file protein_26.csv (CSV, C-alpha atoms)
chain,number,residue,atom,x,y,z
A,1,MET,CA,108.0,139.0,92.8
A,2,ALA,CA,105.0,137.2,91.4
A,3,PRO,CA,107.0,134.1,90.4
A,4,LEU,CA,108.5,134.0,93.8
A,5,ARG,CA,105.1,134.1,95.5
A,6,SER,CA,103.9,131.4,93.3
A,7,ALA,CA,106.8,129.2,94.4
A,8,LEU,CA,106.4,129.8,98.1
A,9,PRO,CA,103.3,127.5,98.6
A,10,SER,CA,105.4,124.5,97.3
A,11,LEU,CA,107.6,125.0,100.4
A,12,GLN,CA,104.7,124.4,102.8
A,13,PRO,CA,105.0,120.6,102.9
A,14,LEU,CA,108.7,121.1,103.8
A,15,ARG,CA,107.9,123.4,106.7
A,16,ASP,CA,105.0,121.1,107.8
A,17,GLY,CA,107.3,118.1,107.9
A,18,LEU,CA,110.1,119.9,109.8
A,19,THR,CA,107.6,121.0,112.5
A,20,ASP,CA,105.6,117.8,112.7
A,21,ASP,CA,106.5,116.0,115.9
A,22,SER,CA,105.2,112.7,114.5
A,23,LEU,CA,108.0,112.7,112.0
A,24,ARG,CA,110.8,113.4,114.5
A,25,PHE,CA,111.8,109.7,114.8
A,26,ALA,CA,111.9,109.3,111.0
A,27,ILE,CA,114.1,112.3,110.5
A,28,LEU,CA,116.4,111.4,113.3
A,29,ALA,CA,116.7,107.8,111.9
A,30,GLY,CA,117.7,109.3,108.6
A,31,LEU,CA,120.3,111.6,110.2
A,32,ALA,CA,121.7,108.7,112.2
A,33,THR,CA,122.6,106.9,109.0
A,34,ILE,CA,124.9,109.7,107.7
A,35,PRO,CA,128.1,108.7,109.6
A,36,PHE,CA,127.7,105.1,108.8
A,37,THR,CA,127.1,105.9,105.1
A,38,LEU,CA,130.2,108.0,105.0
A,39,LEU,CA,132.2,105.3,106.8
A,40,LEU,CA,131.1,102.4,104.6
A,41,SER,CA,131.4,104.5,101.4
A,42,TRP,CA,134.7,106.2,101.9
A,43,GLU,CA,137.4,104.8,99.6
A,44,PRO,CA,141.0,105.8,98.7
A,45,VAL,CA,141.1,108.2,95.8
A,46,PRO,CA,143.1,107.1,92.8
A,47,ASP,CA,145.8,109.4,91.4
A,48,ASP,CA,143.9,110.2,88.2
A,49,GLY,CA,140.8,111.5,90.0
A,50,VAL,CA,137.4,110.0,90.7
A,51,VAL,CA,134.1,109.6,88.9
A,52,VAL,CA,131.6,112.3,89.8
A,53,GLY,CA,129.3,111.1,92.6
A,54,GLY,CA,131.3,108.0,93.6
A,55,SER,CA,129.9,104.8,95.1
A,56,VAL,CA,127.5,105.0,98.1
A,57,SER,CA,126.7,102.2,100.5
A,58,GLY,CA,122.9,101.9,100.9
A,59,LEU,CA,123.0,99.5,103.8
A,60,PRO,CA,122.5,102.1,106.6
A,61,LEU,CA,119.5,103.6,104.9
A,62,LEU,CA,118.1,100.2,104.2
A,63,VAL,CA,118.2,99.3,107.9
A,64,ALA,CA,116.7,102.7,108.8
A,65,ALA,CA,113.9,102.3,106.3
A,66,VAL,CA,113.0,98.9,107.7
A,67,VAL,CA,113.0,100.3,111.3
A,68,VAL,CA,111.0,103.3,110.3
A,69,GLY,CA,108.5,101.3,108.4
A,70,TYR,CA,108.0,98.9,111.3
A,71,ARG,CA,107.7,101.8,113.9
A,72,TYR,CA,105.1,103.7,111.8
A,73,SER,CA,103.1,100.6,110.8
A,74,ASP,CA,100.5,101.2,113.5
A,75,ARG,CA,100.6,105.0,113.7
A,76,GLU,CA,98.5,107.7,112.2
A,77,THR,CA,101.5,109.1,110.2
A,78,GLU,CA,101.8,107.1,107.0
A,79,SER,CA,104.8,104.9,106.8
A,80,HIS,CA,105.5,106.1,103.2
A,81,ARG,CA,105.5,109.7,104.3
A,82,ALA,CA,107.9,108.8,107.2
A,83,GLY,CA,110.1,107.0,104.8
A,84,VAL,CA,110.3,110.0,102.5
A,85,TRP,CA,111.6,112.1,105.4
A,86,THR,CA,114.1,109.4,106.4
A,87,GLY,CA,115.3,109.3,102.9
A,88,LEU,CA,115.6,113.0,102.7
A,89,ALA,CA,117.6,113.2,105.9
A,90,GLY,CA,119.8,110.3,105.1
A,91,SER,CA,120.5,111.5,101.6
A,92,LEU,CA,122.7,114.2,103.2
A,93,GLY,CA,125.3,111.5,103.3
A,94,THR,CA,125.0,111.0,99.6
A,95,VAL,CA,125.3,114.8,99.1
A,96,LEU,CA,128.5,115.0,101.2
A,97,LEU,CA,130.1,112.1,99.4
A,98,SER,CA,129.2,113.6,96.0
A,99,LEU,CA,130.7,116.9,97.0
A,100,ALA,CA,133.8,115.4,98.4
A,101,ASN,CA,134.4,113.3,95.3
A,102,SER,CA,133.7,116.2,93.0
A,103,ALA,CA,136.1,118.4,94.9
A,104,THR,CA,138.8,115.8,94.6
A,105,THR,CA,138.2,115.5,90.9
A,106,ILE,CA,138.3,119.3,90.4
A,107,TRP,CA,141.5,119.6,92.5
A,108,SER,CA,143.4,116.9,90.7
A,109,GLY,CA,141.9,117.1,87.2
A,110,SER,CA,142.5,119.2,84.1
A,111,TRP,CA,140.4,122.3,83.3
A,112,GLU,CA,138.2,120.2,81.0
A,113,THR,CA,137.6,117.8,83.9
A,114,THR,CA,136.9,120.7,86.2
A,115,VAL,CA,134.3,122.2,83.9
A,116,PHE,CA,132.7,118.8,83.3
A,117,THR,CA,132.5,118.0,87.0
A,118,ALA,CA,131.1,121.5,87.9
A,119,VAL,CA,128.4,121.1,85.4
A,120,LEU,CA,127.5,117.5,86.2
A,121,THR,CA,127.7,117.5,90.0
A,122,PRO,CA,124.3,119.3,90.6
A,123,PRO,CA,122.2,117.0,88.5
A,124,VAL,CA,124.0,114.0,89.9
A,125,ILE,CA,123.2,115.2,93.5
A,126,ILE,CA,119.6,115.9,92.6
A,127,PHE,CA,119.2,112.4,91.0
A,128,GLY,CA,120.9,110.8,94.0
A,129,VAL,CA,118.7,112.5,96.6
A,130,GLY,CA,115.6,111.6,94.6
A,131,LEU,CA,116.5,108.0,94.1
A,132,THR,CA,117.6,107.6,97.7
A,133,THR,CA,114.3,109.1,99.0
A,134,ALA,CA,112.1,107.0,96.6
A,135,ILE,CA,113.8,103.7,97.6
A,136,THR,CA,113.7,104.5,101.3
A,137,ALA,CA,110.1,105.4,101.2
A,138,ALA,CA,109.2,102.3,99.2
A,139,ILE,CA,111.1,100.0,101.6
A,140,ALA,CA,109.4,101.7,104.6
A,141,ALA,CA,106.0,101.3,103.1
A,142,ILE,CA,106.6,97.6,102.2
A,143,THR,CA,107.9,97.0,105.8
A,144,ALA,CA,104.8,98.6,107.2
A,145,ARG,CA,102.5,96.4,105.1
A,146,VAL,CA,104.4,93.3,106.1
A,147,ALA,CA,104.1,94.3,109.8
A,148,ASN,CA,100.4,94.9,109.5
A,149,ARG,CA,99.8,91.6,107.8
A,150,LEU,CA,101.6,89.8,110.6
A,151,GLU,CA,99.2,91.4,113.2
A,152,ARG,CA,96.8,88.9,114.8
A,153,GLU,CA,94.0,91.3,114.3
A,154,HIS,CA,94.5,91.2,110.5
A,155,ARG,CA,94.9,87.4,110.2
A,156,ILE,CA,92.0,86.3,112.5
A,157,VAL,CA,88.4,87.6,111.8
A,158,PRO,CA,86.4,87.7,115.0
A,159,PRO,CA,83.1,85.6,115.0
A,160,GLY,CA,80.2,87.5,113.4
A,161,GLU,CA,82.5,89.9,111.6
A,162,THR,CA,82.7,89.8,107.8
A,163,ARG,CA,85.4,91.3,105.6
A,164,ALA,CA,85.4,92.1,101.9
A,165,ARG,CA,88.3,89.7,101.4
A,166,ASP,CA,89.7,86.7,103.2
A,167,VAL,CA,91.8,83.6,102.5
A,168,ARG,CA,88.9,82.0,100.5
A,169,ASP,CA,89.2,84.8,97.9
A,170,SER,CA,93.0,84.6,97.6
A,171,ARG,CA,94.4,83.5,94.2
A,172,TRP,CA,98.0,83.6,95.3
A,173,TRP,CA,98.0,79.8,95.8
A,174,ILE,CA,97.9,79.5,92.0
A,175,SER,CA,101.4,80.9,91.7
A,176,ILE,CA,102.6,78.5,94.4
A,177,ALA,CA,101.0,75.6,92.6
A,178,ALA,CA,102.6,76.7,89.3
A,179,TYR,CA,106.0,76.7,91.0
A,180,VAL,CA,105.4,73.2,92.5
A,181,LEU,CA,104.5,71.8,89.0
A,182,LEU,CA,107.5,73.5,87.3
A,183,VAL,CA,110.3,72.4,89.7
A,184,PRO,CA,110.3,68.6,89.0
A,185,PRO,CA,110.8,68.9,85.2
A,186,ALA,CA,113.3,71.7,85.7
A,187,ALA,CA,115.3,69.6,88.1
A,188,ILE,CA,115.4,66.7,85.7
A,189,VAL,CA,116.6,69.0,82.8
A,190,LEU,CA,119.2,70.6,85.0
A,191,ILE,CA,120.6,67.3,86.1
A,192,VAL,CA,120.7,65.8,82.6
A,193,SER,CA,122.2,68.9,81.1
A,194,GLU,CA,125.1,69.0,83.6
A,195,GLY,CA,128.4,69.3,81.6
A,196,ARG,CA,126.7,69.2,78.2
A,197,ASN,CA,126.7,71.9,75.5
A,198,ASP,CA,123.9,70.6,73.2
A,199,GLY,CA,120.2,71.4,73.2
A,200,TRP,CA,119.9,70.2,76.8
A,201,PHE,CA,122.0,73.2,77.9
A,202,LEU,CA,119.7,75.6,76.1
A,203,LEU,CA,116.7,73.9,77.6
A,204,SER,CA,118.1,74.2,81.1
A,205,ALA,CA,118.8,77.9,80.5
A,206,LEU,CA,115.2,78.4,79.5
A,207,PHE,CA,114.0,76.6,82.6
A,208,LEU,CA,116.2,78.8,84.8
A,209,LEU,CA,114.9,82.0,83.1
A,210,VAL,CA,111.4,80.9,84.2
A,211,LEU,CA,112.3,79.3,87.5
A,212,ILE,CA,114.2,82.2,89.0
A,213,PRO,CA,111.4,84.8,88.8
A,214,LEU,CA,108.7,82.3,89.5
A,215,SER,CA,110.4,81.2,92.7
A,216,LEU,CA,110.4,84.8,93.9
A,217,VAL,CA,106.8,85.2,93.0
A,218,ALA,CA,105.9,82.0,94.7
A,219,PHE,CA,107.8,83.0,97.8
A,220,ILE,CA,106.0,86.3,98.0
A,221,ALA,CA,102.7,84.6,97.2
A,222,LEU,CA,103.3,82.1,100.1
A,223,PHE,CA,103.7,85.0,102.5
A,224,ILE,CA,100.6,86.9,101.2
A,225,ASP,CA,98.4,83.8,101.2
A,226,ALA,CA,99.5,82.7,104.6
A,227,THR,CA,98.7,86.1,106.1
A,228,GLU,CA,95.3,86.5,104.5
A,229,PRO,CA,92.4,86.9,107.1
A,230,ARG,CA,90.9,83.6,108.4
A,231,PRO,CA,87.2,83.9,108.8
A,232,ASP,CA,85.1,82.2,111.5
A,233,GLY,CA,85.2,78.4,110.9
A,234,ILE,CA,88.7,78.2,109.5
A,235,THR,CA,91.0,77.6,112.5
A,236,TRP,CA,94.1,76.9,110.5
A,237,ILE,CA,96.6,79.7,111.2
A,238,PRO,CA,99.9,78.9,109.3
A,239,THR,CA,103.1,79.1,111.3
A,240,LEU,CA,104.5,81.8,109.1
A,241,TRP,CA,108.1,81.6,110.2
A,242,VAL,CA,108.2,78.0,109.2
A,243,TYR,CA,106.8,78.5,105.7
A,244,VAL,CA,108.9,81.6,105.0
A,245,GLY,CA,111.9,80.7,107.1
A,246,LEU,CA,112.7,77.3,105.6
A,247,PRO,CA,113.5,78.6,102.0
A,248,ILE,CA,115.7,81.3,103.5
A,249,ALA,CA,117.4,78.7,105.7
A,250,GLY,CA,117.9,76.4,102.7
A,251,TYR,CA,119.7,79.2,100.9
A,252,VAL,CA,121.9,80.2,103.8
A,253,LEU,CA,122.9,76.6,104.8
A,254,VAL,CA,123.7,75.5,101.2
A,255,SER,CA,125.7,78.8,100.6
A,256,LEU,CA,127.7,78.2,103.8
A,257,GLY,CA,128.4,74.7,102.9
A,258,ALA,CA,129.6,75.7,99.4
A,259,ALA,CA,131.8,78.4,100.9
A,260,TYR,CA,133.3,75.9,103.3
A,261,ARG,CA,134.1,73.6,100.4
A,262,GLY,CA,135.9,76.5,98.7
A,263,ILE,CA,133.4,77.2,95.9
A,264,SER,CA,134.1,80.7,94.5
A,265,THR,CA,130.4,81.6,94.1
A,266,PRO,CA,128.6,80.0,97.0
A,267,SER,CA,125.4,81.9,96.2
A,268,ALA,CA,124.9,79.8,93.1
A,269,PRO,CA,124.5,76.5,95.0
A,270,GLY,CA,122.6,78.5,97.6
A,271,ALA,CA,120.0,79.4,95.0
A,272,TYR,CA,119.4,75.7,94.4
A,273,GLY,CA,119.0,75.2,98.1
A,274,PHE,CA,116.4,77.9,98.1
A,275,PHE,CA,114.6,76.3,95.2
A,276,ALA,CA,114.5,72.9,96.9
A,277,ALA,CA,113.4,74.2,100.3
A,278,LEU,CA,110.8,76.4,98.8
A,279,TRP,CA,109.4,73.5,96.8
A,280,VAL,CA,109.1,71.3,99.9
A,281,THR,CA,107.6,74.2,101.8
A,282,ALA,CA,105.1,75.0,99.0
A,283,VAL,CA,104.0,71.4,98.7
A,284,GLY,CA,103.3,71.2,102.5
A,285,TYR,CA,101.5,74.5,102.4
A,286,LEU,CA,99.2,73.6,99.5
A,287,VAL,CA,98.3,70.3,101.2
A,288,ALA,CA,97.5,72.0,104.5
A,289,ARG,CA,95.6,74.7,102.7
A,290,TYR,CA,93.5,72.2,100.7
A,291,ARG,CA,92.6,70.4,103.9
A,292,HIS,CA,91.5,73.5,105.8
A,293,VAL,CA,90.4,75.9,103.1
A,294,GLY,CA,89.8,73.9,100.0
A,295,GLY,CA,90.9,74.6,96.5
A,296,ARG,CA,87.9,76.3,95.1
A,297,ILE,CA,88.0,80.0,94.3
A,298,ARG,CA,85.1,81.8,95.9
call {"tool": "encode", "arguments": {"input": "protein_26.csv", "output": "structure tokens"}}
result
Amino acid sequence: MAPLRSALPSLQPLRDGLTDDSLRFAILAGLATIPFTLLLSWEPVPDDGVVVGGSVSGLPLLVAAVVVGYRYSDRETESHRAGVWTGLAGSLGTVLLSLANSATTIWSGSWETTVFTAVLTPPVIIFGVGLTTAITAAIAAITARVANRLEREHRIVPPGETRARDVRDSRWWISIAAYVLLVPPAAIVLIVSEGRNDGWFLLSALFLLVLIPLSLVAFIALFIDATEPRPDGITWIPTLWVYVGLPIAGYVLVSLGAAYRGISTPSAPGAYGFFAALWVTAVGYLVARYRHVGGRIR
């Protein structure tokens, strides 16, 4: 009985969560994803059985995590905690799919497959639930942070109030500047190396290996720097949807154009549209930032 008693306190957070009214929306949001997860993940079973666990669509839980993160961004309950409960509730869909696929495998497979499936199914389910919960909680927390940064109270510092950090302390603009400086030589190399298999091709590959992650860093840096608090005396409040929306629009428009022309992988030209639109946006942002904030690091 002693080991049992020692294990009982670990169940207290579970009981607290189930009886906490503030988490009701998060739990219901997770439960609401189950039928959509089953519908989007259900596939015909091949004659020779299925792989234990099967494939699971994460789109319903992704949407739920974003909604929960936004809803709990201004509440006492932490968005990360709410996301955990959304993930736990929504992972029931993952469990049902795993059990269904495992049952099909056991029914149609040999005795070796049956034993293998019976042994492997529990750890697969545990891993799936843990991974689903962790990803959902992370997305909810990120969404809440984004929502909080978009609040006017965060971006504008009232007169006479001082904060430990504001836009003058931000160093994110350095990543944006690095991207602006890298794109022109990268574009020249990519154009020159088109259709060639010599050293130019290797050089273009190296530029892409740097440009792709740097573009993502610059895009995130643009959002963070644009939403840093503006102290008294700095009246420039960037129009965030312009600076963040233009690169996304560039990707979407170029991808649609490539798809209309029959290109098999429209996302590849779309990436170049994103690079170009982000470069134009970054240049405009840095110019405006220098005029209103300056380039010095406080």
call {"tool": "closest_residue", "arguments": {"input": "protein_26.csv", "among": "A:Ala89, A:Ala271, A:Ile248, A:Leu214", "to": "Ala137 (chain A)", "atoms": "all atoms listed in the file"}}
result
A:Ala89
call {"tool": "residues_around", "arguments": {"input": "protein_26.csv", "residues": "Ala82 (chain A)", "least_positions_apart": "5", "cutoff": "8 Å", "atoms": "only C-alpha atoms", "output": "ChimeraX atom specification"}}
result
/A:23,26-27,68-69,72,77,137,140
call {"tool": "atom_distance", "arguments": {"input": "protein_26.csv", "atom1": "CA of Val167 (chain A)", "atom2": "CA of Trp279 (chain A)"}}
result
21.1 Å
call {"tool": "residues_around", "arguments": {"input": "protein_26.csv", "residues": "Val280 (chain A)", "least_positions_apart": "4", "cutoff": "12 Å", "atoms": "only C-alpha atoms", "output": "ChimeraX atom specification"}}
result
/A:176-177,179-181,183-184,219,242-244,246-247,250,273-276,284-287
call {"tool": "closest_residue", "arguments": {"input": "protein_26.csv", "among": "A:Ala147, A:Leu92, A:Gly199, A:Ala100", "to": "Val129 (chain A)", "atoms": "all atoms listed in the file"}}
result
A:Leu92
call {"tool": "atom_distance", "arguments": {"input": "protein_26.csv", "atom1": "CA of Pro122 (chain A)", "atom2": "CA of Thr136 (chain A)"}}
result
21.1 Å
call {"tool": "atom_distance", "arguments": {"input": "protein_26.csv", "atom1": "CA of Arg171 (chain A)", "atom2": "CA of Thr239 (chain A)"}}
result
19.7 Å
call {"tool": "closest_residue", "arguments": {"input": "protein_26.csv", "among": "A:Pro35, A:Gly90, A:Pro231, A:Pro238", "to": "Thr281 (chain A)", "atoms": "all atoms listed in the file"}}
result
A:Pro238
call {"tool": "residues_around", "arguments": {"input": "protein_26.csv", "residues": "Leu61 (chain A)", "least_positions_apart": "3", "cutoff": "12 Å", "atoms": "all atoms listed in the file", "output": "VMD selection string"}}
result
chain A and resid 26 to 38 40 56 to 58 64 to 69 83 to 94 132 to 140
call {"tool": "residues_around", "arguments": {"input": "protein_26.csv", "residues": "Leu240 (chain A)", "least_positions_apart": "6", "cutoff": "12 Å", "atoms": "only C-alpha atoms", "output": "list in words"}}
result
Val146, Arg149, Leu150, Glu151, Arg152, Arg155, Phe219, Leu222, Phe223, Ile224, Asp225, Ala226, Thr227, Glu228, Leu246, Pro247, Thr281 and Tyr285 of chain A
call {"tool": "closest_residue", "arguments": {"input": "protein_26.csv", "among": "A:Pro269, A:Ile126, A:Thr104, A:Ala144", "to": "Glu78 (chain A)", "atoms": "all atoms listed in the file"}}
result
A:Ala144
call {"tool": "residues_around", "arguments": {"input": "protein_26.csv", "residues": "Leu203 (chain A)", "least_positions_apart": "3", "cutoff": "12 Å", "atoms": "all atoms listed in the file", "output": "list in words"}}
result
Pro185, Ala186, Ala187, Ile188, Val189, Leu190, Ile191, Val192, Ser193, Glu194, Arg196, Asn197, Asp198, Gly199, Trp200, Leu206, Phe207, Leu208, Leu209 and Val210 of chain A
call {"tool": "closest_residue", "arguments": {"input": "protein_26.csv", "among": "A:Tyr251, A:Trp236, A:Trp173, A:Tyr260", "to": "Ala282 (chain A)", "atoms": "only C-alpha atoms"}}
result
A:Trp173
call {"tool": "closest_residue", "arguments": {"input": "protein_26.csv", "among": "A:Thr105, A:Pro213, A:Ala259, A:Ser170", "to": "Leu120 (chain A)", "atoms": "all atoms listed in the file"}}
result
A:Thr105
